[in-house]
$ cat protein.cif   # mmCIF, N, CA and C atoms
data_target
#
loop_
_atom_site.label_atom_id
_atom_site.label_comp_id
_atom_site.auth_asym_id
_atom_site.auth_seq_id
_atom_site.Cartn_x
_atom_site.Cartn_y
_atom_site.Cartn_z
N MET A 1 53.50 12.45 -29.34
CA MET A 1 52.84 11.29 -29.92
C MET A 1 52.66 10.19 -28.88
N LYS A 2 53.68 10.00 -28.00
CA LYS A 2 53.59 8.97 -26.97
C LYS A 2 52.44 9.27 -26.00
N LYS A 3 52.30 10.55 -25.64
CA LYS A 3 51.22 10.92 -24.71
C LYS A 3 49.86 10.61 -25.32
N PHE A 4 49.73 10.88 -26.62
CA PHE A 4 48.48 10.60 -27.32
C PHE A 4 48.17 9.11 -27.30
N LEU A 5 49.15 8.28 -27.60
CA LEU A 5 48.95 6.83 -27.60
C LEU A 5 48.63 6.30 -26.21
N ILE A 6 49.32 6.82 -25.21
CA ILE A 6 49.05 6.39 -23.83
C ILE A 6 47.63 6.77 -23.43
N THR A 7 47.20 7.97 -23.81
CA THR A 7 45.83 8.41 -23.52
C THR A 7 44.81 7.49 -24.18
N ILE A 8 45.01 7.16 -25.43
CA ILE A 8 44.11 6.25 -26.15
C ILE A 8 44.07 4.88 -25.48
N ILE A 9 45.20 4.36 -25.08
CA ILE A 9 45.26 3.05 -24.42
C ILE A 9 44.50 3.10 -23.09
N ILE A 10 44.69 4.13 -22.31
CA ILE A 10 44.00 4.25 -21.02
C ILE A 10 42.50 4.34 -21.23
N ILE A 11 42.06 5.16 -22.16
CA ILE A 11 40.62 5.28 -22.43
C ILE A 11 40.05 3.94 -22.88
N THR A 12 40.77 3.25 -23.74
CA THR A 12 40.31 1.94 -24.21
C THR A 12 40.21 0.95 -23.06
N LEU A 13 41.19 0.91 -22.19
CA LEU A 13 41.15 0.00 -21.05
C LEU A 13 39.97 0.28 -20.14
N PHE A 14 39.73 1.56 -19.84
CA PHE A 14 38.61 1.90 -18.97
C PHE A 14 37.28 1.56 -19.62
N SER A 15 37.14 1.81 -20.92
CA SER A 15 35.87 1.52 -21.57
C SER A 15 35.65 0.02 -21.70
N CYS A 16 36.70 -0.76 -21.86
CA CYS A 16 36.56 -2.22 -21.98
C CYS A 16 36.28 -2.86 -20.62
N ASN A 17 36.78 -2.28 -19.56
CA ASN A 17 36.60 -2.86 -18.24
C ASN A 17 35.35 -2.38 -17.53
N SER A 18 34.56 -1.55 -18.21
CA SER A 18 33.34 -1.05 -17.58
C SER A 18 32.40 -2.21 -17.31
N ASN A 19 31.92 -2.30 -16.07
CA ASN A 19 31.00 -3.38 -15.74
C ASN A 19 29.57 -2.87 -15.66
N LYS A 20 29.32 -1.72 -16.28
CA LYS A 20 27.99 -1.11 -16.29
C LYS A 20 27.55 -0.88 -17.72
N ARG A 21 26.24 -0.87 -17.93
CA ARG A 21 25.69 -0.48 -19.23
C ARG A 21 24.57 0.52 -19.01
N THR A 22 24.32 1.32 -20.01
CA THR A 22 23.29 2.36 -19.91
C THR A 22 22.05 1.91 -20.65
N ILE A 23 20.90 2.10 -20.01
CA ILE A 23 19.60 1.81 -20.61
C ILE A 23 18.77 3.08 -20.47
N ILE A 24 18.00 3.40 -21.49
CA ILE A 24 17.18 4.61 -21.48
C ILE A 24 15.71 4.22 -21.27
N LEU A 25 15.09 4.87 -20.26
CA LEU A 25 13.70 4.60 -19.92
C LEU A 25 12.83 5.81 -20.25
N ASN A 26 11.64 5.55 -20.77
CA ASN A 26 10.62 6.58 -20.96
C ASN A 26 9.71 6.49 -19.74
N ILE A 27 9.78 7.49 -18.85
CA ILE A 27 9.13 7.45 -17.55
C ILE A 27 7.68 7.92 -17.64
N GLU A 28 6.77 7.12 -17.08
CA GLU A 28 5.35 7.47 -17.07
C GLU A 28 5.07 8.64 -16.13
N ASP A 29 5.61 8.59 -14.92
CA ASP A 29 5.42 9.64 -13.92
C ASP A 29 6.68 9.70 -13.07
N GLY A 30 7.40 10.79 -13.15
CA GLY A 30 8.68 10.90 -12.47
C GLY A 30 8.62 11.44 -11.06
N THR A 31 7.43 11.52 -10.47
CA THR A 31 7.30 12.04 -9.12
C THR A 31 8.13 11.22 -8.16
N GLY A 32 9.02 11.89 -7.44
CA GLY A 32 9.84 11.22 -6.44
C GLY A 32 11.14 10.64 -6.97
N LEU A 33 11.36 10.70 -8.27
CA LEU A 33 12.61 10.18 -8.84
C LEU A 33 13.65 11.29 -8.93
N SER A 34 14.90 10.91 -8.81
CA SER A 34 16.00 11.86 -8.98
C SER A 34 17.24 11.07 -9.42
N GLU A 35 18.27 11.82 -9.77
CA GLU A 35 19.52 11.15 -10.09
C GLU A 35 19.99 10.41 -8.84
N ASN A 36 20.59 9.27 -9.01
CA ASN A 36 21.05 8.36 -7.96
C ASN A 36 19.94 7.55 -7.32
N THR A 37 18.70 7.61 -7.86
CA THR A 37 17.64 6.72 -7.40
C THR A 37 18.06 5.29 -7.75
N ASN A 38 17.83 4.36 -6.84
CA ASN A 38 18.24 2.97 -7.03
C ASN A 38 17.42 2.26 -8.11
N VAL A 39 18.07 1.35 -8.81
CA VAL A 39 17.43 0.39 -9.70
C VAL A 39 17.62 -0.96 -9.04
N VAL A 40 16.51 -1.68 -8.80
CA VAL A 40 16.57 -2.93 -8.03
C VAL A 40 15.94 -4.09 -8.79
N PHE A 41 16.38 -5.26 -8.41
CA PHE A 41 15.79 -6.51 -8.88
C PHE A 41 15.62 -7.40 -7.65
N LYS A 42 14.38 -7.74 -7.34
CA LYS A 42 14.05 -8.55 -6.16
C LYS A 42 14.69 -7.98 -4.89
N GLY A 43 14.66 -6.65 -4.77
CA GLY A 43 15.17 -5.99 -3.58
C GLY A 43 16.66 -5.72 -3.58
N LYS A 44 17.39 -6.24 -4.54
CA LYS A 44 18.85 -6.04 -4.60
C LYS A 44 19.17 -4.92 -5.57
N LYS A 45 20.01 -3.99 -5.12
CA LYS A 45 20.42 -2.88 -5.97
C LYS A 45 21.34 -3.40 -7.07
N ILE A 46 20.97 -3.08 -8.32
CA ILE A 46 21.79 -3.48 -9.46
C ILE A 46 22.23 -2.28 -10.29
N GLY A 47 21.79 -1.09 -9.88
CA GLY A 47 22.16 0.10 -10.62
C GLY A 47 21.51 1.34 -10.05
N MET A 48 21.56 2.43 -10.83
CA MET A 48 20.95 3.68 -10.39
C MET A 48 20.67 4.58 -11.58
N ILE A 49 19.81 5.58 -11.33
CA ILE A 49 19.55 6.59 -12.35
C ILE A 49 20.75 7.52 -12.42
N LYS A 50 21.26 7.71 -13.62
CA LYS A 50 22.39 8.61 -13.82
C LYS A 50 21.94 10.00 -14.23
N LYS A 51 20.86 10.08 -15.02
CA LYS A 51 20.42 11.38 -15.51
C LYS A 51 18.94 11.32 -15.88
N ILE A 52 18.22 12.42 -15.63
CA ILE A 52 16.82 12.54 -16.03
C ILE A 52 16.69 13.80 -16.87
N ASP A 53 16.07 13.66 -18.04
CA ASP A 53 15.88 14.78 -18.95
C ASP A 53 14.44 14.83 -19.44
N ILE A 54 14.03 16.02 -19.86
CA ILE A 54 12.75 16.18 -20.55
C ILE A 54 13.08 16.30 -22.02
N VAL A 55 12.50 15.41 -22.81
CA VAL A 55 12.71 15.42 -24.26
C VAL A 55 11.34 15.49 -24.90
N GLY A 56 11.01 16.67 -25.45
CA GLY A 56 9.67 16.88 -25.99
C GLY A 56 8.66 16.80 -24.85
N ASN A 57 7.69 15.91 -24.99
CA ASN A 57 6.69 15.69 -23.94
C ASN A 57 7.01 14.48 -23.08
N ASN A 58 8.22 13.97 -23.18
CA ASN A 58 8.59 12.75 -22.46
C ASN A 58 9.63 13.04 -21.39
N LEU A 59 9.56 12.26 -20.32
CA LEU A 59 10.57 12.27 -19.28
C LEU A 59 11.46 11.05 -19.51
N ILE A 60 12.73 11.29 -19.75
CA ILE A 60 13.67 10.24 -20.11
C ILE A 60 14.71 10.08 -19.00
N ALA A 61 14.92 8.85 -18.55
CA ALA A 61 15.94 8.57 -17.53
C ALA A 61 16.98 7.64 -18.11
N LYS A 62 18.23 7.99 -17.89
CA LYS A 62 19.33 7.11 -18.27
C LYS A 62 19.73 6.37 -17.01
N ILE A 63 19.62 5.04 -17.05
CA ILE A 63 20.01 4.24 -15.89
C ILE A 63 21.27 3.47 -16.22
N SER A 64 22.05 3.22 -15.20
CA SER A 64 23.27 2.45 -15.34
C SER A 64 23.09 1.20 -14.50
N ILE A 65 23.20 0.03 -15.16
CA ILE A 65 23.06 -1.22 -14.41
C ILE A 65 24.26 -2.13 -14.69
N SER A 66 24.43 -3.07 -13.79
CA SER A 66 25.54 -4.01 -13.89
C SER A 66 25.42 -4.87 -15.13
N ASN A 67 26.53 -5.09 -15.81
CA ASN A 67 26.55 -5.99 -16.96
C ASN A 67 26.26 -7.43 -16.55
N ASP A 68 26.47 -7.75 -15.27
CA ASP A 68 26.22 -9.11 -14.78
C ASP A 68 24.74 -9.45 -14.77
N PHE A 69 23.90 -8.42 -14.70
CA PHE A 69 22.45 -8.66 -14.65
C PHE A 69 21.92 -8.83 -16.06
N LYS A 70 21.32 -9.97 -16.32
CA LYS A 70 20.80 -10.29 -17.65
C LYS A 70 19.33 -9.88 -17.73
N ILE A 71 19.00 -9.08 -18.72
CA ILE A 71 17.62 -8.63 -18.94
C ILE A 71 17.08 -9.38 -20.14
N ASP A 72 15.88 -9.96 -19.99
CA ASP A 72 15.32 -10.66 -21.14
C ASP A 72 14.30 -9.78 -21.85
N THR A 73 13.85 -10.24 -23.01
CA THR A 73 12.98 -9.43 -23.87
C THR A 73 11.63 -9.16 -23.24
N SER A 74 11.20 -9.93 -22.25
CA SER A 74 9.90 -9.71 -21.62
C SER A 74 10.01 -8.94 -20.30
N SER A 75 11.18 -8.41 -19.99
CA SER A 75 11.37 -7.65 -18.75
C SER A 75 10.51 -6.39 -18.75
N GLU A 76 10.06 -6.01 -17.56
CA GLU A 76 9.28 -4.79 -17.40
C GLU A 76 9.95 -3.92 -16.34
N PHE A 77 9.84 -2.62 -16.50
CA PHE A 77 10.43 -1.64 -15.59
C PHE A 77 9.31 -0.87 -14.92
N TYR A 78 9.37 -0.76 -13.58
CA TYR A 78 8.33 -0.08 -12.82
C TYR A 78 8.94 0.88 -11.81
N ILE A 79 8.23 1.97 -11.55
CA ILE A 79 8.56 2.88 -10.46
C ILE A 79 7.76 2.40 -9.26
N VAL A 80 8.45 2.11 -8.17
CA VAL A 80 7.78 1.59 -6.97
C VAL A 80 8.12 2.46 -5.76
N THR A 81 7.20 2.46 -4.81
CA THR A 81 7.44 3.13 -3.54
C THR A 81 8.12 2.13 -2.63
N THR A 82 9.26 2.53 -2.06
CA THR A 82 10.04 1.58 -1.26
C THR A 82 10.05 1.90 0.22
N GLY A 83 9.50 3.02 0.61
CA GLY A 83 9.52 3.38 2.03
C GLY A 83 8.24 4.07 2.43
N PHE A 84 8.01 4.15 3.73
CA PHE A 84 6.79 4.75 4.26
C PHE A 84 6.72 6.24 3.92
N LEU A 85 7.85 6.88 3.77
CA LEU A 85 7.87 8.30 3.47
C LEU A 85 7.82 8.58 1.97
N GLY A 86 7.63 7.54 1.18
CA GLY A 86 7.44 7.72 -0.25
C GLY A 86 8.68 7.63 -1.10
N GLU A 87 9.79 7.10 -0.55
CA GLU A 87 11.00 6.94 -1.35
C GLU A 87 10.68 6.04 -2.54
N LYS A 88 11.31 6.34 -3.66
CA LYS A 88 11.05 5.60 -4.90
C LYS A 88 12.29 4.85 -5.37
N SER A 89 12.06 3.83 -6.17
CA SER A 89 13.13 3.15 -6.89
C SER A 89 12.54 2.62 -8.18
N ILE A 90 13.40 2.18 -9.06
CA ILE A 90 12.95 1.52 -10.29
C ILE A 90 13.20 0.04 -10.11
N GLU A 91 12.14 -0.73 -10.28
CA GLU A 91 12.22 -2.18 -10.11
C GLU A 91 12.12 -2.85 -11.48
N ILE A 92 13.00 -3.81 -11.70
CA ILE A 92 12.96 -4.59 -12.94
C ILE A 92 12.30 -5.93 -12.63
N ILE A 93 11.24 -6.24 -13.36
CA ILE A 93 10.58 -7.53 -13.26
C ILE A 93 11.07 -8.34 -14.46
N ASN A 94 11.82 -9.39 -14.18
CA ASN A 94 12.47 -10.20 -15.21
C ASN A 94 11.82 -11.57 -15.20
N SER A 95 11.01 -11.87 -16.20
CA SER A 95 10.25 -13.12 -16.20
C SER A 95 11.07 -14.32 -16.63
N ASN A 96 12.23 -14.09 -17.24
CA ASN A 96 13.07 -15.16 -17.77
C ASN A 96 12.36 -16.02 -18.82
N ASN A 97 11.32 -15.45 -19.44
CA ASN A 97 10.60 -16.18 -20.48
C ASN A 97 11.08 -15.86 -21.88
N GLY A 98 11.85 -14.82 -22.01
CA GLY A 98 12.32 -14.43 -23.33
C GLY A 98 13.81 -14.60 -23.46
N GLU A 99 14.30 -14.31 -24.65
CA GLU A 99 15.73 -14.35 -24.87
C GLU A 99 16.37 -13.14 -24.22
N GLU A 100 17.67 -13.25 -23.95
CA GLU A 100 18.36 -12.09 -23.40
C GLU A 100 18.32 -10.99 -24.44
N TYR A 101 18.00 -9.79 -23.97
CA TYR A 101 17.88 -8.66 -24.87
C TYR A 101 19.08 -7.75 -24.68
N ILE A 102 19.78 -7.49 -25.73
CA ILE A 102 20.90 -6.57 -25.70
C ILE A 102 20.38 -5.23 -26.22
N TYR A 103 20.26 -4.27 -25.29
CA TYR A 103 19.69 -2.99 -25.64
C TYR A 103 20.66 -2.16 -26.46
N ASN A 104 20.13 -1.56 -27.49
CA ASN A 104 20.85 -0.57 -28.26
C ASN A 104 20.76 0.74 -27.48
N ILE A 105 21.80 1.52 -27.46
CA ILE A 105 21.83 2.76 -26.69
C ILE A 105 20.70 3.71 -27.11
N LYS A 106 20.14 3.53 -28.30
CA LYS A 106 19.05 4.39 -28.76
C LYS A 106 17.67 3.83 -28.42
N ASP A 107 17.59 2.61 -27.92
CA ASP A 107 16.31 2.03 -27.53
C ASP A 107 15.77 2.77 -26.31
N THR A 108 14.47 2.98 -26.28
CA THR A 108 13.81 3.59 -25.13
C THR A 108 12.75 2.62 -24.64
N ILE A 109 12.83 2.28 -23.36
CA ILE A 109 11.96 1.27 -22.78
C ILE A 109 10.94 1.95 -21.87
N PRO A 110 9.66 1.59 -21.97
CA PRO A 110 8.65 2.21 -21.10
C PRO A 110 8.86 1.81 -19.63
N CYS A 111 8.62 2.75 -18.75
CA CYS A 111 8.71 2.52 -17.31
C CYS A 111 7.44 3.07 -16.67
N LYS A 112 6.63 2.20 -16.09
CA LYS A 112 5.33 2.57 -15.55
C LYS A 112 5.38 2.63 -14.03
N VAL A 113 4.37 3.28 -13.46
CA VAL A 113 4.24 3.33 -12.00
C VAL A 113 3.53 2.06 -11.56
N LYS A 114 4.11 1.38 -10.59
CA LYS A 114 3.50 0.16 -10.05
C LYS A 114 2.85 0.52 -8.71
N HIS A 115 1.57 0.31 -8.63
CA HIS A 115 0.85 0.61 -7.39
C HIS A 115 0.94 -0.61 -6.49
N SER A 116 1.86 -0.51 -5.54
CA SER A 116 2.17 -1.65 -4.67
C SER A 116 1.35 -1.60 -3.40
N GLY A 117 1.49 -2.63 -2.61
CA GLY A 117 0.80 -2.72 -1.32
C GLY A 117 1.17 -1.57 -0.40
N SER A 118 2.42 -1.10 -0.44
CA SER A 118 2.81 0.00 0.44
C SER A 118 2.10 1.28 0.04
N ASN A 119 1.85 1.49 -1.26
CA ASN A 119 1.08 2.65 -1.68
C ASN A 119 -0.33 2.59 -1.11
N VAL A 120 -0.93 1.40 -1.14
CA VAL A 120 -2.28 1.22 -0.62
C VAL A 120 -2.30 1.46 0.88
N LEU A 121 -1.29 0.96 1.60
CA LEU A 121 -1.23 1.18 3.05
C LEU A 121 -1.12 2.66 3.39
N ILE A 122 -0.30 3.39 2.67
CA ILE A 122 -0.16 4.82 2.92
C ILE A 122 -1.47 5.53 2.64
N LYS A 123 -2.13 5.19 1.54
CA LYS A 123 -3.41 5.81 1.22
C LYS A 123 -4.44 5.48 2.30
N ASP A 124 -4.50 4.22 2.75
CA ASP A 124 -5.42 3.84 3.82
C ASP A 124 -5.15 4.63 5.09
N PHE A 125 -3.88 4.83 5.42
CA PHE A 125 -3.51 5.59 6.62
C PHE A 125 -4.05 7.01 6.53
N PHE A 126 -3.81 7.68 5.40
CA PHE A 126 -4.27 9.06 5.25
C PHE A 126 -5.79 9.15 5.19
N ASP A 127 -6.44 8.16 4.56
CA ASP A 127 -7.91 8.14 4.55
C ASP A 127 -8.46 7.99 5.96
N THR A 128 -7.83 7.12 6.77
CA THR A 128 -8.26 6.93 8.16
C THR A 128 -8.06 8.21 8.97
N MET A 129 -6.93 8.88 8.78
CA MET A 129 -6.67 10.13 9.50
C MET A 129 -7.67 11.21 9.09
N GLU A 130 -8.01 11.27 7.82
CA GLU A 130 -8.98 12.26 7.35
C GLU A 130 -10.35 11.99 7.96
N ALA A 131 -10.75 10.72 8.01
CA ALA A 131 -12.03 10.36 8.62
C ALA A 131 -12.03 10.70 10.12
N PHE A 132 -10.91 10.47 10.78
CA PHE A 132 -10.78 10.78 12.21
C PHE A 132 -10.94 12.29 12.45
N ILE A 133 -10.29 13.09 11.63
CA ILE A 133 -10.38 14.55 11.75
C ILE A 133 -11.81 15.02 11.48
N ASP A 134 -12.46 14.43 10.48
CA ASP A 134 -13.86 14.78 10.19
C ASP A 134 -14.75 14.46 11.39
N THR A 135 -14.52 13.32 12.03
CA THR A 135 -15.32 12.92 13.20
C THR A 135 -15.14 13.92 14.34
N ILE A 136 -13.91 14.34 14.57
CA ILE A 136 -13.64 15.32 15.63
C ILE A 136 -14.32 16.65 15.32
N GLN A 137 -14.22 17.08 14.08
CA GLN A 137 -14.84 18.34 13.70
C GLN A 137 -16.35 18.28 13.84
N LYS A 138 -16.97 17.16 13.47
CA LYS A 138 -18.42 17.02 13.60
C LYS A 138 -18.84 16.99 15.06
N SER A 139 -18.04 16.35 15.91
CA SER A 139 -18.40 16.29 17.33
C SER A 139 -18.27 17.66 18.00
N ASN A 140 -17.45 18.53 17.46
CA ASN A 140 -17.30 19.90 17.98
C ASN A 140 -18.20 20.88 17.24
N ASN A 141 -19.09 20.37 16.39
CA ASN A 141 -19.97 21.21 15.57
C ASN A 141 -19.18 22.24 14.77
N GLY A 142 -18.03 21.84 14.32
CA GLY A 142 -17.22 22.72 13.50
C GLY A 142 -16.45 23.76 14.27
N SER A 143 -16.58 23.76 15.61
CA SER A 143 -15.86 24.76 16.39
C SER A 143 -14.46 24.26 16.73
N VAL A 144 -13.58 25.19 16.93
CA VAL A 144 -12.21 24.87 17.30
C VAL A 144 -12.14 24.87 18.82
N PRO A 145 -11.60 23.80 19.44
CA PRO A 145 -11.52 23.77 20.91
C PRO A 145 -10.78 24.99 21.44
N GLY A 146 -11.34 25.57 22.52
CA GLY A 146 -10.71 26.73 23.15
C GLY A 146 -11.17 28.06 22.60
N LYS A 147 -11.99 28.05 21.54
CA LYS A 147 -12.48 29.29 20.97
C LYS A 147 -14.00 29.26 20.99
N SER A 148 -14.58 30.36 21.32
CA SER A 148 -16.04 30.42 21.36
C SER A 148 -16.55 30.88 20.00
N ARG A 149 -17.77 30.49 19.69
CA ARG A 149 -18.39 30.88 18.43
C ARG A 149 -19.10 32.21 18.61
N PRO A 150 -19.10 33.06 17.60
CA PRO A 150 -19.78 34.36 17.73
C PRO A 150 -21.27 34.24 17.80
#
$ encode --input "protein.cif" --output "structure tokens"
Amino acid sequence: MKKFLITIIIITLFSCNSNKRTIILNIEDGTGLSENTNVVFKGKKIGMIKKIDIVGNNLIAKISISNDFKIDTSSEFYIVTTGFLGEKSIEIINSNNGEEYIYNIKDTIPCKVKHSGSNVLIKDFFDTMEAFIDTIQKSNNGSVPGKSRP
């Protein structure tokens, strides 16, 4: 009986001292996301993705964020590209215009893809490279250097 009570007390202490909360996101496009992907606010890491599941036709991510971070009712969640190689994170845009929202564990919040400036730069880079390759191919009349045409 003592072991049982000690176990209950330990579990209660750990659950009460948890400084994280779980929020469930309905992901628009999960390309590049995985477990342990960062959740950020203004560039500062405040949490991470703990689990990603497919539920019906939806992609659902469970994120864990710090209890210290206050989310208001007008907050928006976005998937953003954070690096030149396409690394992703989830960014929270918190307008501070609404009341603090205490999420119920069953609430599901939409998370959209945010097309940022870095996405545009990467696309411009690849478009420029494609145009460059087309120019080279046209100047060689479609022939490959070092090979003769039949």
$ atom_distance --input "protein.cif" --atom1 "atom N of Asp29 (chain A)" --atom2 "atom C of Tyr78 (chain A)"
9.0 Å
$ resolve_selection --input "protein.cif" --expression "the PyMOL selection byres ((chain A and resi 52-59) around 7)" --output "PyMOL selection string"
chain A and resi 25-28+34-35+49-51+60-62
$ atom_distance --input "protein.cif" --atom1 "CA of Lys114 (chain A)" --atom2 "CA of Ala131 (chain A)"
26.3 Å
